[in-house]
$ cat my_file_29.cif   # mmCIF, C-alpha atoms
data_upload
loop_
_atom_site.label_atom_id
_atom_site.label_comp_id
_atom_site.auth_asym_id
_atom_site.auth_seq_id
_atom_site.Cartn_x
_atom_site.Cartn_y
_atom_site.Cartn_z
CA MET A 1 21.42 -44.21 9.51
CA SER A 2 23.30 -47.31 10.70
CA LYS A 3 27.04 -47.77 10.86
CA THR A 4 29.43 -50.72 11.21
CA SER A 5 33.05 -50.39 12.41
CA ALA A 6 36.66 -49.74 11.21
CA LYS A 7 38.28 -49.93 7.75
CA PRO A 8 37.83 -47.16 5.11
CA THR A 9 34.45 -45.47 5.44
CA ILE A 10 31.82 -45.22 2.68
CA PHE A 11 28.62 -43.20 2.73
CA VAL A 12 25.90 -45.07 0.77
CA THR A 13 22.97 -42.93 -0.33
CA ARG A 14 20.42 -45.74 -0.94
CA ARG A 15 19.96 -49.36 0.12
CA TRP A 16 21.57 -52.10 -2.00
CA PRO A 17 20.68 -55.77 -2.51
CA ASP A 18 21.62 -57.82 0.57
CA ALA A 19 24.56 -59.64 -1.05
CA ALA A 20 26.11 -56.39 -2.24
CA GLU A 21 25.71 -54.75 1.17
CA ALA A 22 27.32 -57.81 2.80
CA ALA A 23 30.32 -57.53 0.46
CA LEU A 24 30.67 -53.84 1.26
CA LYS A 25 30.62 -54.55 4.99
CA GLN A 26 33.35 -57.17 4.54
CA TYR A 27 35.88 -54.64 3.30
CA PHE A 28 34.63 -51.25 4.45
CA ASN A 29 32.88 -49.36 7.18
CA PRO A 30 29.66 -48.28 5.41
CA THR A 31 26.96 -45.93 6.57
CA PHE A 32 23.66 -46.89 4.94
CA ASN A 33 20.56 -44.79 4.37
CA ASP A 34 18.27 -47.15 6.26
CA SER A 35 15.11 -45.25 5.33
CA ASP A 36 15.96 -45.62 1.61
CA VAL A 37 14.29 -42.27 0.87
CA PRO A 38 16.11 -39.56 -1.11
CA LEU A 39 18.63 -37.60 0.92
CA SER A 40 18.92 -33.84 0.71
CA ALA A 41 22.00 -32.20 -0.79
CA ALA A 42 23.00 -31.12 2.74
CA GLN A 43 22.75 -34.69 4.04
CA ILE A 44 24.87 -36.05 1.20
CA ALA A 45 27.45 -33.28 1.64
CA GLU A 46 27.68 -33.99 5.36
CA GLY A 47 27.98 -37.71 4.73
CA PHE A 48 30.71 -37.30 2.12
CA ALA A 49 32.68 -34.90 4.31
CA SER A 50 32.75 -37.41 7.16
CA HIS A 51 33.56 -40.49 5.06
CA ASP A 52 36.42 -41.57 2.83
CA ALA A 53 34.12 -42.37 -0.09
CA LEU A 54 30.65 -41.60 -1.38
CA ALA A 55 28.53 -44.22 -3.19
CA PRO A 56 25.71 -42.32 -4.93
CA THR A 57 23.11 -43.41 -7.45
CA VAL A 58 21.61 -41.82 -10.55
CA SER A 59 18.91 -40.24 -8.40
CA ASP A 60 21.49 -38.19 -6.45
CA GLN A 61 22.67 -34.90 -7.91
CA ILE A 62 26.32 -34.69 -6.86
CA THR A 63 26.94 -30.99 -7.25
CA ALA A 64 30.08 -28.89 -6.97
CA ASP A 65 29.01 -27.93 -3.43
CA ILE A 66 28.75 -31.56 -2.35
CA ILE A 67 32.12 -32.31 -3.92
CA ALA A 68 33.70 -29.29 -2.22
CA ALA A 69 32.32 -30.45 1.13
CA GLY A 70 33.74 -33.93 0.61
CA ALA A 71 37.13 -32.65 -0.50
CA ALA A 72 37.32 -30.31 2.48
CA GLY A 73 36.60 -33.23 4.78
CA SER A 74 37.55 -36.90 4.47
CA GLY A 75 36.24 -37.55 0.96
CA ARG A 76 38.60 -39.04 -1.61
CA LEU A 77 36.45 -41.22 -3.92
CA ILE A 78 33.03 -41.08 -5.57
CA ALA A 79 32.17 -44.70 -6.37
CA ASN A 80 29.02 -44.40 -8.45
CA PHE A 81 26.39 -47.16 -8.32
CA GLY A 82 25.57 -47.13 -12.05
CA VAL A 83 27.12 -46.44 -15.43
CA GLY A 84 25.79 -42.98 -16.23
CA VAL A 85 27.54 -40.13 -14.47
CA ASN A 86 25.66 -37.10 -15.80
CA HIS A 87 24.37 -36.53 -12.25
CA ILE A 88 27.94 -35.92 -11.03
CA ASP A 89 29.82 -32.66 -11.61
CA LEU A 90 32.90 -34.33 -13.09
CA ASP A 91 34.73 -31.06 -13.66
CA ALA A 92 34.35 -30.18 -10.00
CA ALA A 93 35.56 -33.64 -8.99
CA ALA A 94 38.63 -33.36 -11.19
CA SER A 95 39.41 -29.88 -9.89
CA ALA A 96 39.11 -31.12 -6.32
CA GLY A 97 41.41 -34.08 -7.03
CA LEU A 98 38.73 -36.65 -6.30
CA ALA A 99 38.55 -39.99 -8.12
CA VAL A 100 35.28 -41.15 -9.71
CA SER A 101 34.36 -44.70 -10.74
CA ASN A 102 31.27 -46.31 -12.26
CA THR A 103 29.88 -49.80 -12.98
CA PRO A 104 29.94 -50.56 -16.73
CA GLY A 105 29.36 -53.94 -18.34
CA VAL A 106 27.26 -55.67 -15.71
CA LEU A 107 23.93 -54.04 -16.62
CA THR A 108 24.11 -54.50 -20.39
CA ASP A 109 21.84 -57.53 -20.69
CA ALA A 110 19.20 -56.35 -18.23
CA THR A 111 18.88 -52.97 -19.93
CA ALA A 112 18.80 -54.51 -23.40
CA ASP A 113 16.07 -56.90 -22.27
CA LEU A 114 14.02 -53.99 -20.99
CA ALA A 115 14.41 -52.08 -24.26
CA LEU A 116 12.92 -55.07 -26.08
CA THR A 117 10.20 -55.27 -23.42
CA LEU A 118 9.24 -51.66 -24.16
CA MET A 119 9.30 -52.28 -27.90
CA LEU A 120 6.94 -55.23 -27.55
CA MET A 121 4.67 -53.56 -25.02
CA VAL A 122 4.12 -50.35 -26.97
CA SER A 123 3.88 -51.92 -30.42
CA ARG A 124 1.50 -54.66 -29.25
CA ARG A 125 -0.44 -52.18 -27.06
CA ALA A 126 0.07 -54.39 -24.02
CA GLY A 127 -0.13 -51.51 -21.55
CA GLU A 128 -3.45 -50.37 -22.99
CA GLY A 129 -4.78 -53.91 -22.87
CA GLU A 130 -3.85 -54.49 -19.26
CA ARG A 131 -5.34 -51.17 -18.17
CA GLU A 132 -8.57 -51.99 -20.02
CA LEU A 133 -8.82 -55.45 -18.48
CA ARG A 134 -8.09 -54.31 -14.93
CA ALA A 135 -10.69 -51.54 -15.26
CA GLY A 136 -13.35 -54.12 -16.18
CA GLU A 137 -13.74 -52.59 -19.63
CA TRP A 138 -12.85 -55.68 -21.71
CA HIS A 139 -15.94 -57.21 -23.28
CA GLY A 140 -14.38 -60.12 -25.11
CA TRP A 141 -12.27 -60.96 -28.14
CA ARG A 142 -12.99 -59.27 -31.46
CA PRO A 143 -10.98 -59.11 -34.70
CA THR A 144 -10.19 -55.39 -34.61
CA HIS A 145 -9.54 -55.00 -30.88
CA LEU A 146 -6.26 -53.27 -29.91
CA MET A 147 -4.46 -54.21 -33.09
CA GLY A 148 -0.78 -53.39 -32.80
CA ARG A 149 2.25 -53.90 -35.00
CA SER A 150 4.77 -56.72 -35.30
CA LEU A 151 8.51 -56.34 -34.66
CA SER A 152 9.42 -58.95 -37.24
CA GLY A 153 10.84 -57.50 -40.42
CA LYS A 154 10.77 -53.91 -39.15
CA THR A 155 13.70 -51.49 -39.16
CA LEU A 156 15.27 -50.73 -35.79
CA GLY A 157 17.30 -47.54 -35.63
CA ILE A 158 19.74 -47.38 -32.72
CA ILE A 159 21.31 -44.19 -31.42
CA GLY A 160 24.56 -45.09 -29.67
CA MET A 161 26.10 -48.45 -30.59
CA GLY A 162 27.94 -49.19 -27.38
CA ARG A 163 27.53 -52.30 -25.22
CA ILE A 164 23.79 -51.86 -24.67
CA GLY A 165 23.04 -50.72 -28.22
CA LYS A 166 24.80 -53.80 -29.59
CA ALA A 167 22.98 -56.09 -27.16
CA VAL A 168 19.62 -54.66 -28.25
CA ALA A 169 20.57 -55.02 -31.92
CA HIS A 170 21.65 -58.64 -31.36
CA ARG A 171 18.32 -59.53 -29.75
CA ALA A 172 16.27 -57.66 -32.33
CA ALA A 173 18.10 -59.02 -35.37
CA LEU A 174 18.48 -62.64 -34.32
CA GLY A 175 15.34 -62.93 -32.21
CA PHE A 176 12.86 -60.98 -34.33
CA GLY A 177 14.46 -60.70 -37.75
CA MET A 178 14.60 -56.91 -37.56
CA LYS A 179 16.74 -54.85 -39.92
CA ILE A 180 19.36 -52.89 -37.94
CA ILE A 181 20.57 -49.40 -38.78
CA PHE A 182 22.46 -47.24 -36.31
CA TYR A 183 24.06 -43.89 -35.63
CA ASN A 184 27.31 -43.71 -33.69
CA ARG A 185 29.91 -40.96 -33.55
CA SER A 186 32.84 -43.34 -34.06
CA LYS A 187 33.08 -46.07 -36.67
CA VAL A 188 31.81 -49.47 -35.47
CA THR A 189 33.51 -52.46 -37.10
CA ASP A 190 33.08 -55.35 -34.63
CA ILE A 191 29.59 -56.60 -35.59
CA ALA A 192 29.75 -60.04 -37.16
CA ASP A 193 26.71 -62.16 -36.21
CA TYR A 194 24.00 -60.00 -37.80
CA GLU A 195 23.73 -57.37 -40.51
CA ALA A 196 23.81 -53.76 -39.37
CA LYS A 197 24.31 -50.57 -41.34
CA GLN A 198 25.95 -47.51 -39.83
CA ILE A 199 24.28 -44.30 -40.97
CA ASP A 200 26.21 -41.08 -40.59
CA ASP A 201 23.21 -38.78 -40.95
CA PHE A 202 21.05 -38.83 -37.83
CA ASP A 203 18.12 -37.25 -39.69
CA VAL A 204 18.15 -40.09 -42.22
CA LEU A 205 18.17 -42.65 -39.39
CA CYS A 206 15.07 -41.04 -37.88
CA ALA A 207 13.26 -41.07 -41.22
CA GLN A 208 14.03 -44.72 -41.98
CA SER A 209 13.33 -46.29 -38.57
CA ASP A 210 10.15 -48.12 -37.57
CA PHE A 211 11.54 -48.23 -34.05
CA LEU A 212 14.07 -45.69 -32.76
CA SER A 213 15.90 -46.79 -29.62
CA LEU A 214 18.22 -44.46 -27.71
CA HIS A 215 21.35 -45.84 -26.04
CA CYS A 216 23.68 -42.82 -25.96
CA ALA A 217 25.21 -41.37 -22.82
CA ALA A 218 23.75 -38.13 -21.48
CA SER A 219 26.09 -35.20 -22.08
CA ALA A 220 26.08 -31.65 -23.36
CA ASP A 221 26.47 -33.06 -26.88
CA THR A 222 23.48 -35.40 -26.62
CA PHE A 223 21.11 -33.10 -24.71
CA HIS A 224 17.79 -33.21 -26.64
CA ILE A 225 19.49 -35.10 -29.46
CA LEU A 226 15.99 -36.27 -30.36
CA ASN A 227 14.35 -32.89 -30.83
CA GLU A 228 11.24 -31.50 -32.53
CA ASP A 229 12.81 -31.41 -35.99
CA ARG A 230 13.96 -35.03 -35.82
CA LEU A 231 10.66 -36.22 -34.39
CA GLN A 232 8.95 -34.52 -37.34
CA ARG A 233 11.13 -36.56 -39.70
CA MET A 234 9.91 -39.86 -38.25
CA GLN A 235 7.22 -42.00 -39.85
CA ASN A 236 3.76 -41.67 -38.31
CA HIS A 237 3.73 -45.34 -37.30
CA ALA A 238 7.23 -45.28 -35.74
CA TYR A 239 7.96 -45.78 -32.04
CA VAL A 240 10.49 -44.06 -29.78
CA ILE A 241 12.16 -46.22 -27.10
CA ASN A 242 14.34 -44.68 -24.38
CA THR A 243 16.31 -46.63 -21.77
CA ALA A 244 19.26 -44.21 -21.80
CA ARG A 245 18.65 -40.92 -19.93
CA GLY A 246 15.73 -38.51 -20.01
CA ASP A 247 17.90 -35.59 -21.11
CA VAL A 248 18.46 -37.06 -24.58
CA ILE A 249 14.85 -36.39 -25.64
CA ASP A 250 13.01 -33.09 -25.80
CA GLU A 251 10.03 -34.31 -23.79
CA ALA A 252 7.76 -31.39 -24.70
CA ALA A 253 8.39 -32.06 -28.40
CA LEU A 254 7.78 -35.79 -27.85
CA VAL A 255 4.43 -35.06 -26.23
CA ARG A 256 3.42 -32.90 -29.19
CA ALA A 257 4.45 -35.64 -31.63
CA LEU A 258 2.41 -38.21 -29.72
CA HIS A 259 -0.71 -36.06 -29.46
CA SER A 260 -0.55 -34.99 -33.11
CA GLY A 261 -0.09 -38.55 -34.37
CA ASN A 262 3.25 -37.65 -35.91
CA ILE A 263 4.68 -40.86 -34.38
CA GLY A 264 3.01 -44.11 -33.42
CA GLY A 265 4.00 -44.26 -29.75
CA ALA A 266 6.76 -44.27 -27.16
CA GLY A 267 8.16 -46.65 -24.57
CA LEU A 268 10.05 -44.76 -21.86
CA ASP A 269 12.00 -46.01 -18.86
CA VAL A 270 13.77 -42.71 -18.11
CA PHE A 271 12.64 -39.10 -17.84
CA GLN A 272 14.01 -35.60 -17.50
CA GLY A 273 13.99 -34.49 -13.88
CA GLU A 274 12.88 -37.91 -12.61
CA PRO A 275 11.20 -38.83 -10.34
CA ASP A 276 9.20 -35.73 -11.28
CA ILE A 277 7.50 -36.54 -14.59
CA HIS A 278 6.35 -34.02 -17.20
CA PRO A 279 2.56 -34.10 -16.56
CA ASP A 280 1.72 -34.21 -20.26
CA ILE A 281 3.71 -37.44 -20.67
CA LEU A 282 1.41 -39.14 -18.16
CA THR A 283 -1.60 -38.36 -20.34
CA ALA A 284 0.06 -38.82 -23.74
CA PRO A 285 -1.52 -41.51 -25.93
CA ASN A 286 0.21 -44.70 -27.08
CA THR A 287 2.84 -44.81 -24.34
CA VAL A 288 4.33 -47.36 -21.99
CA LEU A 289 5.99 -45.70 -19.00
CA LEU A 290 8.25 -47.53 -16.54
CA PRO A 291 9.99 -46.19 -13.39
CA HIS A 292 13.65 -46.55 -14.47
CA LEU A 293 13.76 -50.35 -14.35
CA GLY A 294 16.52 -50.92 -16.92
CA SER A 295 18.95 -52.61 -14.54
CA ALA A 296 16.32 -53.79 -12.05
CA THR A 297 17.10 -57.48 -11.69
CA VAL A 298 18.48 -59.02 -8.52
CA GLU A 299 21.47 -60.32 -10.46
CA THR A 300 22.30 -57.00 -12.10
CA ARG A 301 21.82 -54.71 -9.10
CA THR A 302 23.92 -57.08 -7.00
CA ALA A 303 26.65 -57.07 -9.65
CA MET A 304 26.56 -53.27 -9.72
CA GLY A 305 27.14 -53.15 -5.98
CA LEU A 306 30.01 -55.61 -6.26
CA LYS A 307 31.55 -53.39 -8.95
CA VAL A 308 31.47 -50.46 -6.51
CA VAL A 309 33.20 -52.67 -3.95
CA GLU A 310 35.89 -53.78 -6.42
CA ASN A 311 36.66 -50.21 -7.46
CA ALA A 312 36.77 -48.96 -3.88
CA ARG A 313 39.02 -51.84 -2.82
CA ALA A 314 41.45 -51.08 -5.62
CA PHE A 315 41.46 -47.36 -4.81
CA PHE A 316 42.12 -47.75 -1.09
CA ALA A 317 44.79 -50.36 -1.80
CA GLY A 318 46.65 -47.70 -3.80
CA GLU A 319 45.90 -49.38 -7.13
CA ARG A 320 44.32 -47.98 -10.27
CA LEU A 321 40.54 -47.88 -10.42
CA ILE A 322 39.05 -50.75 -12.41
CA ASP A 323 36.43 -48.47 -13.97
CA PRO A 324 37.80 -44.92 -13.82
CA VAL A 325 35.71 -41.94 -14.88
CA VAL A 326 37.93 -39.22 -13.35
#

$ encode --input "my_file_29.cif" --output "C-alpha cells"
Amino acid sequence: MSKTSAKPTIFVTRRWPDAAEAALKQYFNPTFNDSDVPLSAAQIAEGFASHDALAPTVSDQITADIIAAGAAGSGRLIANFGVGVNHIDLDAAASAGLAVSNTPGVLTDATADLALTLMLMVSRRAGEGERELRAGEWHGWRPTHLMGRSLSGKTLGIIGMGRIGKAVAHRAALGFGMKIIFYNRSKVTDIADYEAKQIDDFDVLCAQSDFLSLHCAASADTFHILNEDRLQRMQNHAYVINTARGDVIDEAALVRALHSGNIGGAGLDVFQGEPDIHPDILTAPNTVLLPHLGSATVETRTAMGLKVVENARAFFAGERLIDPVV
C-alpha cells in the first residue's frame, strides 16, 4: 500500500487510470492497493475503519461486517467506482448512517458499444473463427464455412430501458435497422428517433426476440429474471446478450439451453460469482465470453474515477452527493 498526505482520507481497493488517481490525490489523501490484486474482506474492513471513505469496485463484496467496521472507525462514505451497487449491503449502510454514491451516466456509451460487439461476435461466429485460425485449423475460404446470422432486420428485445438500454436500442435501430421491442417496469415515453414497442409481458418479449439483451440492475426482483422457463420460450436461433450483472440470468439453465440447441448462442460480459466462472459456461457451444469489459475504455474508466472524486468532494464539503444511492 502507498499513502500520500493530509486532507480527507480515502481507501481505494484497486488501481485507477493515472488521470483519475491524480485527481484523487489533488483533493484527498488516498491509500491505493498498489498490487492491484483482490483484497480480503479483513483488509477492506481495516482500510475502511482507518479512512474517512471507501472507494470499492464491483469485484469487492462490501458486507455488513465491513460496513460495521468502517462505521465504528473513521468511515463516513462509500464512494463506489461503478454504477451497480448490488455488491454493497445498502441496508447495512443506511442503518449505520453511511452515505453511498455511484458513477452513473459516464459508462453508457462504452457499455452499449460492447453489447453490440457481443451481438456481432456471437451472431457472426467471430470468436469461433478466431480460435480456429489461431489454432492453425483454417484451411481456406468455402461457401458454407462458419455461416452466421445478420443483425439487419432482426428483432432486438431489451430488458431494462434505462440509459444503457436506450443507447443499445439507438445503435441497433439506426445502425443496423433492427426492430426494437423492450420490457421495462415503468412506462417509457421519451424515445423519438427510432421506433420501439414496449411489451408488458416478459414472456412474450422472450418469444419474439431474435436477440435478447439484458440491461436491468441486479436486485432481488431481477435475480434470475431470465430463467429456465423464459429460455424455453425463446426461438432456437435467438441469442442472449448480457452486459448487466451475472445474477440476472440462471446460468445453469442457460448452459442447458445452449447445449440442447434451444437457443442459438450467448454473448456474456458478466457472470455470477465472477471472477469464478461456472465451468459448464466455458465449454458451452456458440458463446462469446468476455472478462467484464463493458466500461473498459480509458475515457470511461477515467470518467468513472472523476465521478468518485466529484461525489467525495461534495460530501466532505458538506454538500449533497451528486449521485446518491443511500

$ closest_residue --input "my_file_29.cif" --among "A:Ala252, A:Leu116, A:Met161, A:Ala207" --to "Gln235 in chain A" --atoms "only C-alpha atoms"
A:Ala207

$ atom_distance --input "my_file_29.cif" --atom1 "CA of Thr111 in chain A" --atom2 "CA of Ser295 in chain A"
5.4 Å

$ residues_around --input "my_file_29.cif" --residues "range 312-314 of chain A" --least-positions-apart "4" --cutoff "12 Å" --atoms "only C-alpha atoms" --output "PyMOL selection string"
chain A and resi 7-11+23-30+52-55+76-81+99-103+305-308+318-324

$ write_last_selection --input "my_file_29.cif" --atoms "C-alpha atoms" --output "JSON list (two decimals), in the coordinates of the input"
[["chain", "number", "residue", "atom", "x", "y", "z"],
["A", 7, "LYS", "CA", 38.28, -49.93, 7.75],
["A", 8, "PRO", "CA", 37.83, -47.16, 5.11],
["A", 9, "THR", "CA", 34.45, -45.47, 5.44],
["A", 10, "ILE", "CA", 31.82, -45.22, 2.68],
["A", 11, "PHE", "CA", 28.62, -43.20, 2.73],
["A", 23, "ALA", "CA", 30.32, -57.53, 0.46],
["A", 24, "LEU", "CA", 30.67, -53.84, 1.26],
["A", 25, "LYS", "CA", 30.62, -54.55, 4.99],
["A", 26, "GLN", "CA", 33.35, -57.17, 4.54],
["A", 27, "TYR", "CA", 35.88, -54.64, 3.30],
["A", 28, "PHE", "CA", 34.63, -51.25, 4.45],
["A", 29, "ASN", "CA", 32.88, -49.36, 7.18],
["A", 30, "PRO", "CA", 29.66, -48.28, 5.41],
["A", 52, "ASP", "CA", 36.42, -41.57, 2.83],
["A", 53, "ALA", "CA", 34.12, -42.37, -0.09],
["A", 54, "LEU", "CA", 30.65, -41.60, -1.38],
["A", 55, "ALA", "CA", 28.53, -44.22, -3.19],
["A", 76, "ARG", "CA", 38.60, -39.04, -1.61],
["A", 77, "LEU", "CA", 36.45, -41.22, -3.92],
["A", 78, "ILE", "CA", 33.03, -41.08, -5.57],
["A", 79, "ALA", "CA", 32.17, -44.70, -6.37],
["A", 80, "ASN", "CA", 29.02, -44.40, -8.45],
["A", 81, "PHE", "CA", 26.39, -47.16, -8.32],
["A", 99, "ALA", "CA", 38.55, -39.99, -8.12],
["A", 100, "VAL", "CA", 35.28, -41.15, -9.71],
["A", 101, "SER", "CA", 34.36, -44.70, -10.74],
["A", 102, "ASN", "CA", 31.27, -46.31, -12.26],
["A", 103, "THR", "CA", 29.88, -49.80, -12.98],
["A", 305, "GLY", "CA", 27.14, -53.15, -5.98],
["A", 306, "LEU", "CA", 30.01, -55.61, -6.26],
["A", 307, "LYS", "CA", 31.55, -53.39, -8.95],
["A", 308, "VAL", "CA", 31.47, -50.46, -6.51],
["A", 318, "GLY", "CA", 46.65, -47.70, -3.80],
["A", 319, "GLU", "CA", 45.90, -49.38, -7.13],
["A", 320, "ARG", "CA", 44.32, -47.98, -10.27],
["A", 321, "LEU", "CA", 40.54, -47.88, -10.42],
["A", 322, "ILE", "CA", 39.05, -50.75, -12.41],
["A", 323, "ASP", "CA", 36.43, -48.47, -13.97],
["A", 324, "PRO", "CA", 37.80, -44.92, -13.82]]

$ closest_residue --input "my_file_29.cif" --among "A:Ala169, A:Ala220, A:Val270, A:Ala96" --to "Gly294 in chain A" --atoms "all atoms listed in the file"
A:Val270

$ closest_residue --input "my_file_29.cif" --among "A:Ile249, A:Leu133, A:Ala45, A:Ala93" --to "Asp229 in chain A" --atoms "all atoms listed in the file"
A:Ile249

$ closest_residue --input "my_file_29.cif" --among "A:Val248, A:Leu254, A:Cys216, A:Leu39" --to "Gly273 in chain A" --atoms "all atoms listed in the file"
A:Val248

$ closest_residue --input "my_file_29.cif" --among "A:His51, A:Ala19, A:Arg14, A:Asn236" --to "Val37 in chain A" --atoms "all atoms listed in the file"
A:Arg14

$ resolve_selection --input "my_file_29.cif" --expression "the PyMOL selection byres ((chain A and resi 88) around 12)" --output "number ranges by chain"
A: 54-67, 78-87, 89-94, 98-102, 218-219, 325-326
